[in-house]
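**Q** Next comes my_file.txt, compact mmCIF, C-alpha atoms and all ligand atoms:
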```txt
# COMPACT_ATOMS: atom_id res chain seq x y z
CA MET V 14 -200.53 71.24 30.47
CA ALA V 15 -200.69 69.74 26.94
CA HIS V 16 -202.79 71.79 24.55
CA LYS V 17 -204.38 70.92 21.25
CA ASP V 18 -202.80 72.75 18.27
CA SER V 19 -205.88 75.00 18.01
CA GLN V 20 -205.20 76.09 21.59
CA SER V 21 -201.62 77.17 21.00
CA ASN V 22 -202.03 78.56 17.47
CA MET V 23 -204.61 80.99 16.24
CA TYR V 24 -206.72 79.84 13.32
CA GLN V 25 -208.66 81.93 10.81
CA HIS V 26 -212.02 81.24 12.47
CA SER V 27 -210.68 82.50 15.82
CA GLU V 28 -209.23 85.54 14.08
CA LYS V 29 -212.76 86.38 12.90
CA LYS V 30 -213.98 86.21 16.48
CA VAL V 31 -211.47 88.82 17.61
CA GLU V 32 -211.93 90.85 14.42
CA LEU V 33 -215.59 91.32 15.32
CA LEU V 34 -214.57 92.16 18.89
CA LYS V 35 -212.10 94.75 17.59
CA LEU V 36 -214.54 96.33 15.13
CA TYR V 37 -217.16 96.61 17.84
CA LEU V 38 -214.74 97.95 20.48
CA ASP V 39 -213.53 100.63 18.02
CA ARG V 40 -217.12 101.84 17.68
CA TYR V 41 -218.06 101.40 21.34
CA LEU V 42 -214.98 103.16 22.74
CA SER V 43 -215.28 105.99 20.25
CA ILE V 44 -218.88 106.66 21.39
CA LEU V 45 -217.90 106.50 25.07
CA ASN V 46 -214.93 108.79 24.42
CA GLN V 47 -217.34 111.35 22.95
CA SER V 48 -219.84 111.05 25.84
CA LYS V 49 -218.32 113.56 28.21
CA HIS V 50 -220.15 112.27 31.28
CA ILE V 51 -218.59 108.78 31.02
CA LYS V 52 -215.66 108.54 33.41
CA ARG V 53 -214.63 104.89 33.27
CA VAL V 54 -214.90 101.91 30.91
CA ARG V 55 -214.47 98.39 32.26
CA PHE V 56 -213.49 95.47 30.01
CA TYR V 57 -213.75 91.95 31.46
CA ASP V 58 -212.28 89.03 29.51
CA LEU V 59 -213.23 86.01 31.62
CA PHE V 60 -211.49 83.34 29.48
CA CYS V 61 -208.61 85.48 28.25
CA GLY V 62 -205.87 83.09 26.99
CA PRO V 63 -202.20 84.11 26.50
CA GLY V 64 -202.82 87.22 24.37
CA VAL V 65 -200.40 86.16 21.62
CA TYR V 66 -200.33 82.66 20.07
CA GLU V 67 -197.33 80.65 18.89
CA ASN V 68 -198.05 81.62 15.28
CA GLY V 69 -198.18 85.32 16.24
CA GLY V 70 -201.98 85.61 16.18
CA GLU V 71 -203.28 88.20 18.65
CA GLY V 72 -206.03 87.20 21.05
CA SER V 73 -208.78 89.19 22.73
CA PRO V 74 -206.74 90.85 25.55
CA ILE V 75 -204.21 92.35 23.14
CA VAL V 76 -206.91 93.36 20.68
CA ALA V 77 -208.84 95.12 23.47
CA LEU V 78 -205.76 96.93 24.80
CA LYS V 79 -204.82 98.07 21.30
CA ALA V 80 -208.38 99.33 20.66
CA MET V 81 -208.10 101.42 23.82
CA SER V 82 -204.66 102.65 22.88
CA GLU V 83 -205.95 103.80 19.46
CA ILE V 84 -208.72 105.78 21.13
CA LEU V 85 -206.29 107.38 23.55
CA ASN V 86 -204.03 108.39 20.67
CA SER V 87 -206.82 109.65 18.42
CA ASP V 88 -207.42 113.35 17.72
CA GLY V 89 -210.47 113.70 19.93
CA ALA V 90 -208.99 111.74 22.87
CA ARG V 91 -210.04 112.78 26.36
CA ASN V 92 -207.47 112.66 29.13
CA ASN V 93 -210.07 111.98 31.81
CA LEU V 94 -211.41 108.65 30.57
CA ASP V 95 -210.15 105.73 32.68
CA PHE V 96 -209.99 102.11 31.63
CA VAL V 97 -210.12 99.05 33.84
CA PHE V 98 -209.12 95.78 32.16
CA VAL V 99 -209.70 92.51 33.97
CA PHE V 100 -208.20 89.42 32.32
CA ASN V 101 -208.91 86.01 33.79
CA ASP V 102 -207.64 82.53 32.97
CA TYR V 103 -207.42 79.51 35.26
CA ASP V 104 -204.28 78.36 33.45
CA LYS V 105 -201.36 80.06 35.23
CA THR V 106 -198.93 79.47 32.35
CA ARG V 107 -201.23 81.26 29.93
CA LEU V 108 -201.75 84.11 32.37
CA ASP V 109 -197.98 84.52 32.80
CA GLN V 110 -197.61 84.58 29.03
CA LEU V 111 -200.28 87.26 28.87
CA SER V 112 -198.49 89.30 31.52
CA ASN V 113 -195.28 89.20 29.39
CA ASN V 114 -197.20 90.05 26.24
CA ILE V 115 -198.85 93.04 27.93
CA ASP V 116 -195.45 94.28 29.17
CA LYS V 117 -194.22 94.28 25.57
CA LEU V 118 -197.05 96.64 24.59
CA ASN V 119 -195.80 99.43 26.87
CA PHE V 120 -199.38 100.29 27.65
CA VAL V 121 -199.92 103.85 28.83
CA GLY V 122 -203.36 104.71 30.12
CA SER V 123 -204.58 107.61 32.23
CA GLU V 124 -203.32 107.73 35.82
CA ASP V 125 -206.36 105.87 37.14
CA SER V 126 -206.39 103.18 34.44
CA ARG V 127 -205.65 99.65 35.59
CA ILE V 128 -204.98 96.16 34.26
CA ARG V 129 -205.80 93.31 36.63
CA LEU V 130 -204.92 89.68 35.99
CA LEU V 131 -207.00 87.02 37.74
CA ASN V 132 -206.05 83.36 37.97
CA ASP V 133 -209.52 82.14 38.92
CA ASP V 134 -211.94 79.54 37.79
CA TYR V 135 -214.63 81.17 35.63
CA GLN V 136 -217.35 81.14 38.29
CA ASP V 137 -215.16 82.99 40.83
CA ALA V 138 -214.11 85.51 38.19
CA TRP V 139 -217.74 85.94 37.15
CA ASN V 140 -218.73 86.60 40.79
CA LYS V 141 -216.09 89.35 41.04
CA CYS V 142 -217.12 90.85 37.70
CA HIS V 143 -220.82 90.75 38.63
CA ALA V 144 -220.20 92.38 42.03
CA GLU V 145 -218.21 95.19 40.37
CA VAL V 146 -220.57 95.96 37.48
CA THR V 147 -223.60 95.83 39.78
CA LYS V 148 -222.27 98.71 41.83
CA MET V 149 -220.99 100.85 38.95
CA PRO V 150 -222.06 104.49 39.24
CA THR V 151 -223.99 106.07 36.32
CA ASN V 152 -220.80 107.39 34.70
CA GLU V 153 -219.29 103.92 34.10
CA ARG V 154 -219.89 101.32 31.39
CA ALA V 155 -218.77 97.69 31.11
CA PHE V 156 -218.17 95.17 28.35
CA VAL V 157 -217.81 91.48 29.22
CA PHE V 158 -216.26 88.99 26.80
CA ILE V 159 -216.92 85.31 27.53
CA ASP V 160 -215.01 82.98 25.25
CA PRO V 161 -214.88 79.46 26.74
CA PHE V 162 -213.75 76.23 25.05
CA GLY V 163 -217.03 74.51 25.94
CA TYR V 164 -220.31 75.61 27.47
CA LYS V 165 -220.65 73.63 30.70
CA ASP V 166 -219.56 76.60 32.85
CA ILE V 167 -221.92 79.04 31.15
CA SER V 168 -225.42 79.78 32.36
CA TYR V 169 -227.96 82.06 30.77
CA SER V 170 -229.05 83.51 34.13
CA ASP V 171 -225.47 84.73 34.66
CA ILE V 172 -225.56 86.56 31.33
CA LYS V 173 -228.97 88.01 32.06
CA SER V 174 -228.01 89.33 35.45
CA LEU V 175 -224.98 91.11 33.99
CA LEU V 176 -227.37 93.04 31.73
CA GLU V 177 -229.67 94.17 34.52
CA ASN V 178 -227.88 97.46 35.24
CA LYS V 179 -228.39 98.50 31.56
CA LYS V 180 -224.76 99.66 31.50
CA THR V 181 -223.15 96.33 30.63
CA GLU V 182 -222.89 94.52 27.31
CA VAL V 183 -221.90 90.89 26.83
CA LEU V 184 -220.28 89.08 23.92
CA LEU V 185 -220.54 85.31 24.39
CA PHE V 186 -219.03 82.59 22.21
CA LEU V 187 -220.86 79.27 22.21
CA PRO V 188 -219.73 76.07 20.48
CA THR V 189 -223.23 75.69 19.03
CA GLN V 190 -222.25 72.92 16.59
CA PHE V 191 -221.35 70.65 19.52
CA MET V 192 -224.52 71.65 21.35
CA PHE V 193 -226.59 70.79 18.26
CA ARG V 194 -224.86 67.43 17.89
CA PHE V 195 -225.57 66.59 21.53
CA GLU V 196 -229.16 67.78 21.24
CA ARG V 197 -229.74 64.98 18.74
CA LYS V 198 -227.79 62.28 20.59
CA GLY V 199 -229.68 62.16 23.89
CA THR V 200 -229.29 65.61 25.43
CA PRO V 201 -226.62 65.64 28.19
CA THR V 202 -227.42 67.26 31.56
CA SER V 203 -225.29 70.35 30.87
CA LEU V 204 -227.16 71.17 27.65
CA LYS V 205 -230.54 70.41 29.20
CA ARG V 206 -229.69 72.72 32.12
CA PHE V 207 -228.55 75.45 29.70
CA ILE V 208 -231.72 75.33 27.59
CA ASP V 209 -234.13 74.84 30.52
CA GLU V 210 -233.05 78.20 31.91
CA ILE V 211 -234.16 79.95 28.72
CA VAL V 212 -237.27 78.12 27.64
CA PRO V 213 -239.53 75.38 29.08
CA GLU V 214 -238.48 71.98 27.69
CA GLU V 215 -241.72 71.41 25.75
CA GLN V 216 -241.26 74.73 23.92
CA TRP V 217 -237.72 73.99 22.69
CA PRO V 218 -238.07 73.15 18.96
CA ASN V 219 -236.10 70.34 17.32
CA SER V 220 -233.22 71.72 15.30
CA PHE V 221 -232.58 70.22 11.87
CA SER V 222 -229.09 71.69 11.39
CA GLY V 223 -226.36 73.57 13.26
CA LEU V 224 -227.71 76.79 11.76
CA SER V 225 -231.26 76.12 12.86
CA PHE V 226 -229.97 75.37 16.38
CA ILE V 227 -228.44 78.89 16.39
CA GLU V 228 -231.72 80.41 15.15
CA ASN V 229 -233.68 78.52 17.81
CA LEU V 230 -231.32 79.70 20.51
CA LYS V 231 -231.46 83.31 19.31
CA SER V 232 -235.26 83.39 19.29
CA ALA V 233 -235.40 81.72 22.71
CA PHE V 234 -233.03 84.41 24.07
CA ARG V 235 -235.14 87.12 22.41
CA LYS V 236 -238.40 85.83 23.85
CA ASN V 237 -236.87 85.50 27.29
CA LEU V 238 -235.27 88.96 27.43
CA GLU V 239 -237.41 92.04 28.10
CA ASN V 240 -238.29 94.27 25.13
CA ASP V 241 -235.64 96.81 26.01
CA LYS V 242 -232.83 94.28 25.49
CA PHE V 243 -231.32 93.17 22.21
CA VAL V 244 -229.56 90.00 21.18
CA ASP V 245 -227.73 89.31 17.97
CA THR V 246 -225.62 86.55 16.46
CA PHE V 247 -222.44 86.36 14.44
CA ILE V 248 -222.02 82.94 12.87
CA ILE V 249 -218.58 81.48 12.26
CA ALA V 250 -218.43 78.52 9.88
CA ARG V 251 -215.28 76.56 10.65
CA ASP V 252 -215.81 74.08 7.90
CA ARG V 253 -218.66 73.21 5.62
CA ASN V 254 -221.62 72.53 7.96
CA GLN V 255 -219.76 73.37 11.20
CA PHE V 256 -221.39 76.46 12.68
CA PHE V 257 -220.23 78.22 15.84
CA CYS V 258 -221.63 81.45 17.10
CA LEU V 259 -220.98 84.68 18.98
CA PHE V 260 -224.04 86.06 20.78
CA PHE V 261 -224.12 89.76 21.58
CA PHE V 262 -226.39 91.08 24.34
CA THR V 263 -227.07 94.74 25.02
CA GLY V 264 -229.67 96.96 26.65
CA HIS V 265 -228.83 99.88 24.37
CA ILE V 266 -230.26 100.19 20.87
CA TYR V 267 -227.26 102.20 19.70
CA GLY V 268 -224.91 99.47 20.91
CA PHE V 269 -227.01 97.06 18.86
CA ASP V 270 -226.79 99.41 15.86
CA ARG V 271 -222.99 99.58 16.15
CA MET V 272 -222.63 95.78 16.47
CA LEU V 273 -224.69 95.34 13.29
CA ASP V 274 -222.44 97.85 11.58
CA ALA V 275 -219.38 95.84 12.68
CA LYS V 276 -220.97 92.61 11.40
CA TRP V 277 -221.82 94.10 8.01
CA LYS V 278 -218.23 95.27 7.71
CA ILE V 279 -217.06 91.65 7.88
CA ASP V 280 -219.93 90.12 5.90
CA GLU V 281 -220.77 92.66 3.21
CA GLU V 282 -223.38 90.47 1.57
CA GLU V 283 -225.51 89.22 4.44
CA GLY V 284 -224.30 90.85 7.66
CA ARG V 285 -224.57 87.42 9.19
CA GLY V 286 -221.20 85.90 9.83
CA TRP V 287 -218.08 84.51 8.29
CA SER V 288 -217.26 81.30 6.53
CA TYR V 289 -214.07 79.82 5.18
CA GLU V 290 -213.83 80.32 1.42
CA GLU V 291 -211.27 79.21 -1.13
CA PRO V 292 -209.00 82.28 -1.16
CA MET V 293 -208.70 82.33 -4.96
CA GLY V 294 -212.31 81.34 -5.62
CA LEU V 295 -213.83 82.06 -9.01
CA PHE V 296 -215.88 84.99 -7.79
CA SER V 297 -213.54 86.42 -5.19
CA ASN V 298 -212.88 89.59 -7.19
CA LEU V 299 -216.53 90.47 -7.73
CA GLU V 300 -217.94 93.37 -5.76
CA LYS V 301 -219.96 92.15 -2.78
CA ARG V 302 -223.44 93.69 -2.56
CA PRO V 303 -225.78 93.46 0.42
CA GLN V 304 -228.58 91.02 -0.19
CA ILE V 305 -231.65 92.87 0.95
CA GLN V 306 -234.47 91.14 -0.97
CA LYS V 307 -235.83 89.26 2.05
CA PHE V 308 -235.68 92.38 4.18
CA GLU V 309 -237.43 94.35 1.41
CA LYS V 310 -240.36 91.92 1.54
CA GLU V 311 -240.63 92.17 5.33
CA LEU V 312 -240.29 95.93 5.27
CA LYS V 313 -243.09 96.25 2.69
CA ALA V 314 -245.42 94.11 4.82
CA TYR V 315 -244.58 96.20 7.88
CA LEU V 316 -245.22 99.47 6.02
CA LEU V 317 -248.55 98.16 4.69
CA ASN V 318 -249.74 96.98 8.12
CA CYS V 319 -248.35 99.53 10.54
CA ASN V 320 -247.85 103.02 9.01
CA PRO V 321 -244.72 103.36 11.16
CA THR V 322 -242.90 106.50 12.27
CA ASN V 323 -239.21 107.00 11.55
CA GLY V 324 -238.37 105.85 15.11
CA GLU V 325 -240.38 102.65 14.76
CA LEU V 326 -238.84 101.95 11.37
CA TYR V 327 -235.32 102.41 12.77
CA GLU V 328 -235.99 99.82 15.48
CA PHE V 329 -237.73 97.46 13.02
CA THR V 330 -234.73 97.65 10.67
CA LEU V 331 -232.20 96.84 13.40
CA ARG V 332 -234.28 94.05 14.89
CA ASN V 333 -234.29 92.45 11.43
CA GLY V 334 -230.50 92.58 11.37
CA PHE V 335 -230.22 95.43 8.82
CA LEU V 336 -228.79 98.94 8.89
CA PRO V 337 -230.46 102.32 8.29
CA LYS V 338 -228.67 102.56 4.92
CA HIS V 339 -230.39 99.33 3.77
CA CYS V 340 -233.76 100.66 4.91
CA ASN V 341 -233.14 103.96 3.09
CA GLU V 342 -232.27 102.07 -0.07
CA VAL V 343 -235.58 100.16 0.01
CA LEU V 344 -237.56 103.32 0.86
CA ARG V 345 -236.00 105.20 -2.04
CA SER V 346 -236.96 102.47 -4.46
CA LEU V 347 -240.50 102.24 -3.00
CA LEU V 348 -240.87 105.99 -3.38
CA LYS V 349 -240.13 105.67 -7.08
CA THR V 350 -242.06 102.50 -7.86
CA THR V 351 -245.03 102.26 -5.46
CA GLY V 352 -247.44 104.47 -3.60
CA LEU V 353 -245.14 105.06 -0.61
CA LYS V 354 -245.94 108.40 1.02
CA VAL V 355 -244.05 110.21 3.77
CA PHE V 356 -245.87 112.72 6.01
CA ASP V 357 -244.46 115.17 8.53
CA ASN V 358 -245.79 115.28 12.09
CA LYS V 359 -248.49 117.77 11.06
CA GLY V 360 -249.79 115.37 8.41
CA ASN V 361 -248.33 117.26 5.40
CA LEU V 362 -247.00 115.19 2.52
CA ILE V 363 -243.22 115.53 2.17
CA LYS V 364 -242.06 115.78 -1.41
CA LYS V 365 -238.29 115.44 -0.97
CA GLU V 366 -236.46 112.25 0.02
CA ALA V 367 -236.15 112.54 3.82
CA PHE V 368 -236.58 109.47 5.99
CA TYR V 369 -234.76 110.22 9.31
CA ILE V 370 -233.90 106.57 9.98
CA ASN V 371 -231.00 106.86 12.39
CA TYR V 372 -230.22 106.74 16.10
CA LYS V 373 -230.18 110.52 16.61
CA ASN V 374 -233.70 110.93 15.22
CA PHE V 375 -234.82 107.78 17.05
CA LYS V 376 -233.70 109.40 20.30
CA PHE V 377 -234.75 113.01 19.82
CA THR V 378 -237.46 113.09 17.12
CA PRO V 379 -238.82 109.54 16.72
CA GLU V 380 -242.11 110.89 15.28
CA LYS V 381 -240.66 113.35 12.82
CA VAL V 382 -242.22 111.55 9.85
CA LYS V 383 -244.74 108.78 9.24
CA PHE V 384 -244.75 106.31 6.34
CA GLU V 385 -247.79 105.05 4.45
CA LEU V 386 -247.83 102.35 1.80
CA LYS V 387 -251.12 101.52 0.11
C1 LIG V 401 -211.02 79.87 23.80
S1 LIG V 401 -209.70 80.27 24.86
C2 LIG V 401 -209.80 82.02 24.94
C3 LIG V 401 -209.27 82.70 23.78
C4 LIG V 401 -209.15 84.20 23.91
N1 LIG V 401 -210.44 84.83 24.06
C5 LIG V 401 -208.43 84.76 22.71
O1 LIG V 401 -209.03 85.51 21.92
O2 LIG V 401 -207.26 84.45 22.56
C6 LIG V 401 -210.28 79.80 26.43
C7 LIG V 401 -209.33 80.11 27.58
O3 LIG V 401 -210.07 79.89 28.77
C8 LIG V 401 -209.28 79.20 29.74
N2 LIG V 401 -210.26 78.42 30.54
C9 LIG V 401 -210.91 77.29 30.20
N3 LIG V 401 -211.78 76.93 31.16
C10 LIG V 401 -211.68 77.86 32.14
C11 LIG V 401 -212.35 78.05 33.39
N4 LIG V 401 -213.27 77.20 33.83
N5 LIG V 401 -212.05 79.14 34.12
C12 LIG V 401 -211.12 80.04 33.68
N6 LIG V 401 -210.45 79.89 32.52
C13 LIG V 401 -210.72 78.83 31.75
C14 LIG V 401 -208.31 78.36 28.93
O4 LIG V 401 -207.11 78.17 29.66
C15 LIG V 401 -208.12 79.21 27.67
O5 LIG V 401 -206.97 80.01 27.79
```
What would the structure in this file look like if it were written as structure tokens?

**A**
Amino acid sequence: MAHKDSQSNMYQHSEKKVELLKLYLDRYLSILNQSKHIKRVRFYDLFCGPGVYENGGEGSPIVALKAMSEILNSDGARNNLDFVFVFNDYDKTRLDQLSNNIDKLNFVGSEDSRIRLLNDDYQDAWNKCHAEVTKMPTNERAFVFIDPFGYKDISYSDIKSLLENKKTEVLLFLPTQFMFRFERKGTPTSLKRFIDEIVPEEQWPNSFSGLSFIENLKSAFRKNLENDKFVDTFIIARDRNQFFCLFFFTGHIYGFDRMLDAKWKIDEEEGRGWSYEEPMGLFSNLEKRPQIQKFEKELKAYLLNCNPTNGELYEFTLRNGFLPKHCNEVLRSLLKTTGLKVFDNKGNLIKKEAFYINYKNFKFTPEKVKFELK
């Protein structure tokens, strides 16, 4: 089968895709390794590719196996955590290449760990994946990576039903720039079908750019999913004005927290995505600082209107795409410059700087303190 150059070599924009995957898997596997009751982690890569490209670039299967290997070789490694990897590609040549590339890794997992290669069309592989994750016992977790070339095989209801067990997370790449272009040029059936599943046609707003198409899609996903689910985006700019996007879906707020952390690691200024820059650009040596002005404005309005607790503020911060450390930074400055007051759960004013904006407090003491801004 003849492939385009971008299909046999790995480019920088694809490297960013797998970099995000790696950063997230490092965090995700480390949490699961520490949760003693978790027995098995399943990783499904439904469009897996050959694993290593002609230019040496490493694709998602190798990145995932290496992330697991690092966890197994880390200081706190458990010997009773099993891994199941399922790699699927309908291209037999690519799957054989992957098999060779995996052999070269000399992968050693626990006795019950497995790697399965499937040579199926996506829909058949999805059916198998769905059947397996649906019957996972409470001590298993799954992560599904869906990285197609196009979007005609992908349906939102498939993604949504993977999330139903609340133990599965999905990372989905969509070629949003092509979708946006088609949206303007007489929407083709496949795009219409994709959008119709998420939002009624009359409620789908016109997009004025590739970026606004991504925003529209994200808010449509958010409105459609129940309140206990989270969706986030990681934008990859291939060229000026060419925006593609990874969508992350999870039913766990801490998973969402960790994905935001991974995103901010790649994009230290906006936590939003990655774009190609001139490597020796004029400002490339300057320190990158998070840009939190817009968030500061929204946070102030929220504090003024809602008198939130620490738990509510944690969730508000994440849902706005920011991290607890950004929220703490704004709170510290508000404490100094405005009438921000923090009360404990008995209504006493707290004098020291203590905000409790983190997952642990969200889970165990979400009403430890309350914030008031007048
Ligand atoms: C974008 S590449 C995947 C890249 C991979 N995630 C990586 O990081 O290297 C898409 C892969 O999906 C395979 N593919 C395309 N359409 C498919 C389908 N309908 N079913 C199964 N595999 C498919 C292609 O052969 C290709 O290897």

**Q** Can I get the residues close to ligand LIG 401 (chain V) as a PyMOL selection string, where close means within 9 Å and we count only C-alpha atoms and all ligand atoms?

**A** chain V and resi 20+23+27-28+30-31+58-66+70-76+101-108+132-138+158-163+165-166+186

**Q** Nearest to Ile44 (chain V) among V:Gly223, V:Gly69, V:Gly268, V:Pro213, with distances taken over all atoms listed in the file: which residue is it?

**A**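 Result for the nearest residue to Ile44 (chain V): V:Gly268.
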
**Q** Region 309-325 of chain V, all listed atoms, 4 Å padding on each side: what axis-aligned box centre and edge lengths in Å to one decimal come out, as lines of an AutoDock Vina configuration file?

**A**
```
center_x = -243.6
center_y = 99.5
center_z = 8.3
size_x = 20.3
size_y = 23.1
size_z = 21.7
```

**Q** Around the point (-228.2, 104.3, 21.4) (coordinates from the file), which residues reach within 9 Å if we count all atoms listed in the file? Answer as a ChimeraX atom specification.

**A** /V:265-271,372-373,375-376

**Q** Nearest to Asn22 (chain V): which of V:Ile208, V:Glu67, V:Phe262, V:Phe56 is it, counting only C-alpha atoms?

**A**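 Smallest separation from Asn22 (chain V) among the options: V:Glu67.
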
**Q** Take CA of Leu326 (chain V) and CA of Thr378 (chain V) and report the distance between them in Å, one decimal.

**A** 12.6 Å

**Q** Using all atoms listed in the file, what residues lie at most 8 Å away from (-228.0, 75.1, 23.8) (file coordinates), given as a PDB file with C-alpha atoms, in the coordinates of the input?

**A**
```pdb
ATOM      1  CA  THR V 189    -223.230  75.690  19.030  1.00  0.00           C
ATOM      2  CA  MET V 192    -224.520  71.650  21.350  1.00  0.00           C
ATOM      3  CA  PHE V 193    -226.590  70.790  18.260  1.00  0.00           C
ATOM      4  CA  GLU V 196    -229.160  67.780  21.240  1.00  0.00           C
ATOM      5  CA  LEU V 204    -227.160  71.170  27.650  1.00  0.00           C
ATOM      6  CA  LYS V 205    -230.540  70.410  29.200  1.00  0.00           C
ATOM      7  CA  PHE V 207    -228.550  75.450  29.700  1.00  0.00           C
ATOM      8  CA  ILE V 208    -231.720  75.330  27.590  1.00  0.00           C
ATOM      9  CA  PHE V 226    -229.970  75.370  16.380  1.00  0.00           C
ATOM     10  CA  LEU V 230    -231.320  79.700  20.510  1.00  0.00           C
TER      11      LEU V 230
END
```

**Q** What lies within 7 Å of region 340-352 of chain V using all atoms listed in the file, ignoring chain neighbours under 4 positions off, as a list in words?

**A**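 My reading of the contact set: Glu309, Thr330, Leu336, Leu386 and Lys387 of chain V.
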
**Q** Interatomic distance between CA of Val183 (chain V) and CA of Asn371 (chain V)?

**A**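 Value for the CA of Val183 (chain V)-CA of Asn371 (chain V) distance: 23.4 Å.
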
**Q** Using only C-alpha atoms for the distances, tell me which of V:Lys79, V:Lys148, V:Arg55, V:Lys313 is nearest to Leu34 (chain V).

**A**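 Between V:Lys79, V:Lys148, V:Arg55, V:Lys313, the residue approaching Leu34 (chain V) most closely is V:Lys79.
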
**Q** Could you please determine the separation between CA of Leu33 (chain V) and CA of Glu282 (chain V) in Å, to one decimal place?

**A**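 A separation of 15.8 Å between them.
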
**Q** So which residues touch Val99 (chain V) within 6 Å, counting all atoms listed in the file, skipping near sequence neighbours fewer than 5 positions away, as an mmCIF file with C-alpha atoms, keeping the file's coordinate frame?

**A**
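Output saved as part_15.cif:
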```cif
data_model
loop_
_atom_site.group_PDB
_atom_site.id
_atom_site.type_symbol
_atom_site.label_atom_id
_atom_site.label_comp_id
_atom_site.auth_asym_id
_atom_site.auth_seq_id
_atom_site.Cartn_x
_atom_site.Cartn_y
_atom_site.Cartn_z
ATOM 1 C CA TYR V 57 -213.750 91.950 31.460
ATOM 2 C CA ILE V 128 -204.980 96.160 34.260
ATOM 3 C CA ARG V 129 -205.800 93.310 36.630
ATOM 4 C CA LEU V 130 -204.920 89.680 35.990
#
```

**Q** Determine the nearest neighbour of Gln306 (chain V) from the options V:Arg253, V:Lys383, V:Lys278, V:His339, counting all atoms listed in the file.

**A**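 Smallest separation from Gln306 (chain V) among the options: V:His339.
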
**Q** Measuring between only C-alpha atoms, which one of V:Asp209, V:Asp171, V:Arg53, V:Leu94 shows the shortest distance to Met149 (chain V)?

**A**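 Using only C-alpha atoms, the shortest distance to Met149 (chain V) belongs to V:Arg53.
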
**Q** Just the residues within 9 Å of Arg40 (chain V), please, counting all atoms listed in the file, with nothing from its chain fewer than 2 positions along; format it as an MDAnalysis selection string.

**A** chainID V and resid 35:38 42:45 268 271:272 275

**Q** Determine the nearest neighbour of Glu124 (chain V) from the options V:Gln110, V:Lys365, V:Phe96, V:Glu215, counting only C-alpha atoms.

**A**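 The closest residue to Glu124 (chain V) is V:Phe96.
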